[in-house]
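**Student:** Sharing protein-v8.cif below, mmCIF, C-alpha atoms:
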```
data_structure
#
loop_
_atom_site.group_PDB
_atom_site.id
_atom_site.type_symbol
_atom_site.label_atom_id
_atom_site.label_comp_id
_atom_site.auth_asym_id
_atom_site.auth_seq_id
_atom_site.Cartn_x
_atom_site.Cartn_y
_atom_site.Cartn_z
ATOM 1 C CA MET A 1 -46.336 6.171 -15.396
ATOM 2 C CA LEU A 2 -42.571 6.014 -15.807
ATOM 3 C CA LYS A 3 -41.597 4.267 -19.019
ATOM 4 C CA LEU A 4 -38.047 2.974 -19.302
ATOM 5 C CA SER A 5 -36.245 2.306 -22.560
ATOM 6 C CA SER A 6 -34.688 -1.097 -23.195
ATOM 7 C CA GLN A 7 -31.275 0.505 -22.553
ATOM 8 C CA GLN A 8 -32.407 1.850 -19.187
ATOM 9 C CA LEU A 9 -33.912 -1.524 -18.252
ATOM 10 C CA LYS A 10 -30.669 -3.333 -19.090
ATOM 11 C CA LEU A 11 -28.718 -0.874 -16.965
ATOM 12 C CA PHE A 12 -31.225 -0.965 -14.106
ATOM 13 C CA PHE A 13 -31.321 -4.765 -13.857
ATOM 14 C CA SER A 14 -27.533 -4.946 -14.234
ATOM 15 C CA LEU A 15 -27.208 -2.465 -11.382
ATOM 16 C CA ILE A 16 -29.547 -4.523 -9.180
ATOM 17 C CA PHE A 17 -27.557 -7.667 -10.038
ATOM 18 C CA PHE A 18 -24.200 -6.103 -9.134
ATOM 19 C CA ILE A 19 -25.553 -4.505 -5.955
ATOM 20 C CA ALA A 20 -26.798 -7.935 -4.877
ATOM 21 C CA LEU A 21 -23.470 -9.516 -5.832
ATOM 22 C CA GLY A 22 -21.583 -6.836 -3.894
ATOM 23 C CA LEU A 23 -23.751 -7.300 -0.803
ATOM 24 C CA PHE A 24 -23.352 -11.059 -1.049
ATOM 25 C CA SER A 25 -19.576 -10.656 -1.226
ATOM 26 C CA LYS A 26 -19.587 -8.311 1.777
ATOM 27 C CA PHE A 27 -21.449 -10.805 3.975
ATOM 28 C CA TYR A 28 -20.213 -14.084 2.454
ATOM 29 C CA GLN A 29 -19.093 -16.840 4.827
ATOM 30 C CA GLY A 30 -17.063 -19.761 3.583
ATOM 31 C CA PRO A 31 -13.781 -20.530 1.827
ATOM 32 C CA TYR A 32 -11.652 -17.442 1.119
ATOM 33 C CA GLN A 33 -14.048 -15.429 3.270
ATOM 34 C CA GLN A 34 -11.560 -12.683 4.139
ATOM 35 C CA TRP A 35 -10.615 -12.108 0.487
ATOM 36 C CA VAL A 36 -14.260 -12.145 -0.652
ATOM 37 C CA ASN A 37 -15.423 -9.837 2.175
ATOM 38 C CA ASP A 38 -12.554 -7.363 2.102
ATOM 39 C CA ASP A 39 -11.172 -7.301 -1.438
ATOM 40 C CA SER A 40 -13.424 -8.701 -4.146
ATOM 41 C CA ASN A 41 -16.330 -6.401 -3.364
ATOM 42 C CA GLY A 42 -14.199 -3.461 -4.552
ATOM 43 C CA ILE A 43 -14.584 -4.907 -8.035
ATOM 44 C CA PHE A 44 -18.378 -4.867 -7.812
ATOM 45 C CA TYR A 45 -18.331 -1.390 -6.249
ATOM 46 C CA VAL A 46 -16.750 0.116 -9.375
ATOM 47 C CA VAL A 47 -19.168 -1.749 -11.655
ATOM 48 C CA CYS A 48 -22.123 -0.382 -9.689
ATOM 49 C CA TRP A 49 -20.839 3.179 -10.020
ATOM 50 C CA ALA A 50 -20.243 2.718 -13.761
ATOM 51 C CA LEU A 51 -23.779 1.395 -14.250
ATOM 52 C CA LEU A 52 -25.229 4.257 -12.213
ATOM 53 C CA LEU A 53 -23.262 6.800 -14.255
ATOM 54 C CA ALA A 54 -24.516 5.156 -17.455
ATOM 55 C CA LEU A 55 -28.091 5.475 -16.171
ATOM 56 C CA LEU A 56 -27.667 9.103 -15.116
ATOM 57 C CA PHE A 57 -25.646 10.256 -18.133
ATOM 58 C CA PRO A 58 -26.831 8.129 -21.066
ATOM 59 C CA LYS A 59 -25.341 10.411 -23.732
ATOM 60 C CA GLN A 60 -21.782 9.959 -22.457
ATOM 61 C CA ARG A 61 -19.387 7.422 -23.924
ATOM 62 C CA LEU A 62 -18.607 4.074 -22.380
ATOM 63 C CA LEU A 63 -15.090 5.100 -21.378
ATOM 64 C CA HIS A 64 -16.458 8.173 -19.596
ATOM 65 C CA TRP A 65 -18.645 5.943 -17.422
ATOM 66 C CA VAL A 66 -15.821 3.516 -16.695
ATOM 67 C CA TRP A 67 -13.173 6.162 -15.982
ATOM 68 C CA GLY A 68 -15.687 8.200 -13.995
ATOM 69 C CA ALA A 69 -16.546 5.194 -11.829
ATOM 70 C CA PHE A 70 -12.883 4.304 -11.329
ATOM 71 C CA LEU A 71 -11.907 7.866 -10.385
ATOM 72 C CA LEU A 72 -14.942 8.315 -8.130
ATOM 73 C CA THR A 73 -14.126 5.065 -6.354
ATOM 74 C CA CYS A 74 -10.488 6.091 -5.908
ATOM 75 C CA ALA A 75 -11.623 9.470 -4.544
ATOM 76 C CA LEU A 76 -13.966 7.765 -2.073
ATOM 77 C CA GLU A 77 -11.096 5.505 -0.995
ATOM 78 C CA CYS A 78 -8.893 8.536 -0.358
ATOM 79 C CA LEU A 79 -11.774 10.212 1.488
ATOM 80 C CA GLN A 80 -11.389 7.463 4.095
ATOM 81 C CA LEU A 81 -8.201 9.201 5.219
ATOM 82 C CA TRP A 82 -10.340 12.168 6.277
ATOM 83 C CA GLN A 83 -11.901 11.626 9.704
ATOM 84 C CA THR A 84 -14.342 14.478 10.251
ATOM 85 C CA PRO A 85 -17.212 14.134 12.731
ATOM 86 C CA LEU A 86 -19.752 14.106 9.878
ATOM 87 C CA LEU A 87 -17.933 11.374 7.949
ATOM 88 C CA LEU A 88 -17.421 9.335 11.117
ATOM 89 C CA GLU A 89 -21.139 9.607 11.870
ATOM 90 C CA LEU A 90 -22.055 8.524 8.329
ATOM 91 C CA ARG A 91 -19.601 5.608 8.498
ATOM 92 C CA SER A 92 -21.107 4.465 11.802
ATOM 93 C CA GLN A 93 -24.213 3.376 9.844
ATOM 94 C CA LEU A 94 -24.214 0.298 7.594
ATOM 95 C CA LEU A 95 -25.210 2.208 4.444
ATOM 96 C CA GLY A 96 -22.524 4.823 5.124
ATOM 97 C CA ARG A 97 -19.867 2.121 5.523
ATOM 98 C CA LEU A 98 -21.008 0.390 2.335
ATOM 99 C CA ILE A 99 -20.877 3.602 0.284
ATOM 100 C CA LEU A 100 -18.009 5.516 1.939
ATOM 101 C CA GLY A 101 -15.944 2.631 3.276
ATOM 102 C CA SER A 102 -14.455 2.386 6.718
ATOM 103 C CA HIS A 103 -10.669 2.381 6.314
ATOM 104 C CA PHE A 104 -8.088 3.291 3.701
ATOM 105 C CA ALA A 105 -6.177 0.476 1.998
ATOM 106 C CA TRP A 106 -3.714 0.873 -0.859
ATOM 107 C CA LEU A 107 -4.391 -2.716 -1.866
ATOM 108 C CA ASP A 108 -7.958 -1.798 -2.839
ATOM 109 C CA PHE A 109 -6.781 0.143 -5.902
ATOM 110 C CA PRO A 110 -5.872 -2.910 -8.037
ATOM 111 C CA TYR A 111 -9.362 -4.306 -7.384
ATOM 112 C CA TYR A 112 -10.842 -0.998 -8.519
ATOM 113 C CA ALA A 113 -8.862 -1.317 -11.746
ATOM 114 C CA ILE A 114 -10.225 -4.845 -12.217
ATOM 115 C CA GLY A 115 -13.696 -3.434 -11.555
ATOM 116 C CA GLY A 116 -13.115 -0.819 -14.231
ATOM 117 C CA LEU A 117 -12.148 -3.523 -16.710
ATOM 118 C CA LEU A 118 -15.195 -5.615 -15.775
ATOM 119 C CA SER A 119 -17.375 -2.499 -16.147
ATOM 120 C CA TRP A 120 -16.030 -1.914 -19.638
ATOM 121 C CA VAL A 121 -16.637 -5.549 -20.637
ATOM 122 C CA TRP A 122 -20.132 -5.615 -19.110
ATOM 123 C CA LEU A 123 -21.263 -2.313 -20.608
ATOM 124 C CA ARG A 124 -19.912 -3.279 -24.037
ATOM 125 C CA GLY A 125 -21.787 -6.564 -23.732
ATOM 126 C CA LEU A 126 -25.042 -4.714 -23.116
ATOM 127 C CA LYS A 127 -24.696 -3.096 -26.567
ATOM 128 C CA LEU A 128 -26.176 0.198 -25.414
ATOM 129 C CA SER A 129 -25.611 2.161 -28.590
#
```
Rewrite the structure of this file - the entire thing - as structure tokens.
**Tutor:**
Amino acid sequence: MLKLSSQQLKLFFSLIFFIALGLFSKFYQGPYQQWVNDDSNGIFYVVCWALLLALLFPKQRLLHWVWGAFLLTCALECLQLWQTPLLLELRSQLLGRLILGSHFAWLDFPYYAIGGLLSWVWLRGLKLS
């Protein structure tokens, strides 16, 4: 049976929480719907990547996880400029759109930076070391 450390459990449940929050923001209907659907979820996207990197590479430092998540997210944003048949096919599915995105937007980058800051605050708050 797989036994998880308290650090891994904190990261795992944080990841589940932020995935749920990101999905909620993607499909939210109500006041400020366009901002919540199109912009705010970029914040949660970076946090999810940082948490996943922390789970996969537990011996790395906090800033490595945060910068890695920020840079990976920026790279995935830039990848949206590339329209190959394979990427178009992947983006035609919901999971592909959620992970790879569907269109490039310069205005997403400030939200990624906010997500990096939130990742740093959240991971420090978990007191993983």
**Student:** Name the residues captured by the PyMOL selection byres ((chain A and resi 6) around 12) when it is applied to the shown file; answer as an mmCIF file with C-alpha atoms, keeping the file's coordinate frame.
**Tutor:**
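For reference, out_16.cif as written:
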```
data_model
loop_
_atom_site.group_PDB
_atom_site.id
_atom_site.type_symbol
_atom_site.label_atom_id
_atom_site.label_comp_id
_atom_site.auth_asym_id
_atom_site.auth_seq_id
_atom_site.Cartn_x
_atom_site.Cartn_y
_atom_site.Cartn_z
ATOM 1 C CA LYS A 3 -41.597 4.267 -19.019
ATOM 2 C CA LEU A 4 -38.047 2.974 -19.302
ATOM 3 C CA SER A 5 -36.245 2.306 -22.560
ATOM 4 C CA GLN A 7 -31.275 0.505 -22.553
ATOM 5 C CA GLN A 8 -32.407 1.850 -19.187
ATOM 6 C CA LEU A 9 -33.912 -1.524 -18.252
ATOM 7 C CA LYS A 10 -30.669 -3.333 -19.090
ATOM 8 C CA LEU A 11 -28.718 -0.874 -16.965
ATOM 9 C CA PHE A 12 -31.225 -0.965 -14.106
ATOM 10 C CA PHE A 13 -31.321 -4.765 -13.857
ATOM 11 C CA LEU A 55 -28.091 5.475 -16.171
ATOM 12 C CA LEU A 126 -25.042 -4.714 -23.116
ATOM 13 C CA LYS A 127 -24.696 -3.096 -26.567
ATOM 14 C CA LEU A 128 -26.176 0.198 -25.414
ATOM 15 C CA SER A 129 -25.611 2.161 -28.590
#
```
**Student:** I'd like the interatomic distance between CA of Asp108 in chain A and CA of Pro58 in chain A, to a tenth of an Å.
**Tutor:**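 Between CA of Asp108 in chain A and CA of Pro58 in chain A the gap is 28.1 Å.
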**Student:** Tell me which protein, DNA and RNA residues are within 8 Å of range 14-26 of chain A, counting only C-alpha atoms, leaving out same-chain ones fewer than 4 positions away, and put them as a list in words.
**Tutor:**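 Once the adjacent positions are removed, what remains is Lys10, Val36, Asn37, Asp38, Ser40, Asn41, Phe44, Tyr45, Val47, Cys48, Leu51 and Leu52 of chain A.
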**Student:** Env of range 91-104 of chain A: 10 Å cut, atoms = all atoms listed in the file, seq-sep filter 6 positions within chain, self excluded. Answer as a list in words.
**Tutor:**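 These residues fall inside the cut-off: Gly22, Leu23, Lys26, Tyr45, Thr73, Ala75, Leu76, Glu77, Cys78, Leu79, Gln80, Leu81, Trp82, Gln83 and Pro85 of chain A.
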**Student:** Measuring between only C-alpha atoms, which one of A:Leu90, A:Pro31, A:Ala113, A:Leu107 shows the shortest distance to Leu71 in chain A?
**Tutor:**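 Checking each candidate against Leu71 in chain A, we get A:Ala113 as the closest.
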**Student:** Please expand the PyMOL selection byres ((chain A and resi 68) around 10) into the concrete residues it hits in this file, giving the result as a PyMOL selection string.
**Tutor:** chain A and resi 46+49-50+53-54+62-67+69-74+116
**Student:** So how far away is CA of Lys59 in chain A from CA of Phe109 in chain A, in Å?
**Tutor:**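 For CA of Phe109 in chain A relative to CA of Lys59 in chain A, the distance reads 27.7 Å.
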**Student:** At what distance in Å, to one decimal, does CA of Pro110 in chain A lie from CA of Gln60 in chain A?
**Tutor:**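 Interatomic distance here is 25.0 Å.
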**Student:** Emit as AutoDock Vina command-line options the padded axis-aligned box for all listed atoms of range 73-79 of chain A, 5 Å per side, with centre and edge lengths in Å to one decimal.
**Tutor:**
```
--center_x -11.5 --center_y 7.6 --center_z -2.4 --size_x 15.2 --size_y 15.1 --size_z 17.8
```
**Student:** Measuring between only C-alpha atoms, which one of A:Arg61, A:Gly42, A:Tyr111, A:Thr84 shows the shortest distance to Arg124 in chain A?
**Tutor:** A:Arg61
**Student:** Of the candidates A:Tyr28, A:Leu2, A:Asp39, A:Gln34, which shows the shortest atom-to-atom distance to Gly115 in chain A, using all atoms listed in the file?
**Tutor:** A:Asp39
**Student:** For range 21-40 of chain A of the structure just presented, write C-alpha atoms to a file, as a CSV table (one decimal), in the first residue's frame.
**Tutor:**
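The resulting out_3.csv:
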```
chain,number,residue,atom,x,y,z
A,21,LEU,CA,-10.8,26.1,-7.7
A,22,GLY,CA,-9.4,26.4,-11.3
A,23,LEU,CA,-12.2,24.3,-12.8
A,24,PHE,CA,-14.8,26.4,-10.8
A,25,SER,CA,-13.3,29.6,-12.2
A,26,LYS,CA,-13.3,28.2,-15.8
A,27,PHE,CA,-17.0,27.4,-15.6
A,28,TYR,CA,-18.2,30.1,-13.2
A,29,GLN,CA,-21.4,32.0,-14.2
A,30,GLY,CA,-22.3,35.2,-12.4
A,31,PRO,CA,-20.9,38.7,-11.8
A,32,TYR,CA,-17.5,39.3,-13.4
A,33,GLN,CA,-17.9,36.1,-15.3
A,34,GLN,CA,-15.7,37.0,-18.2
A,35,TRP,CA,-12.8,38.0,-15.9
A,36,VAL,CA,-13.2,34.9,-13.8
A,37,ASN,CA,-13.5,32.5,-16.8
A,38,ASP,CA,-10.7,34.0,-18.9
A,39,ASP,CA,-8.2,35.6,-16.6
A,40,SER,CA,-8.3,34.6,-12.9
```
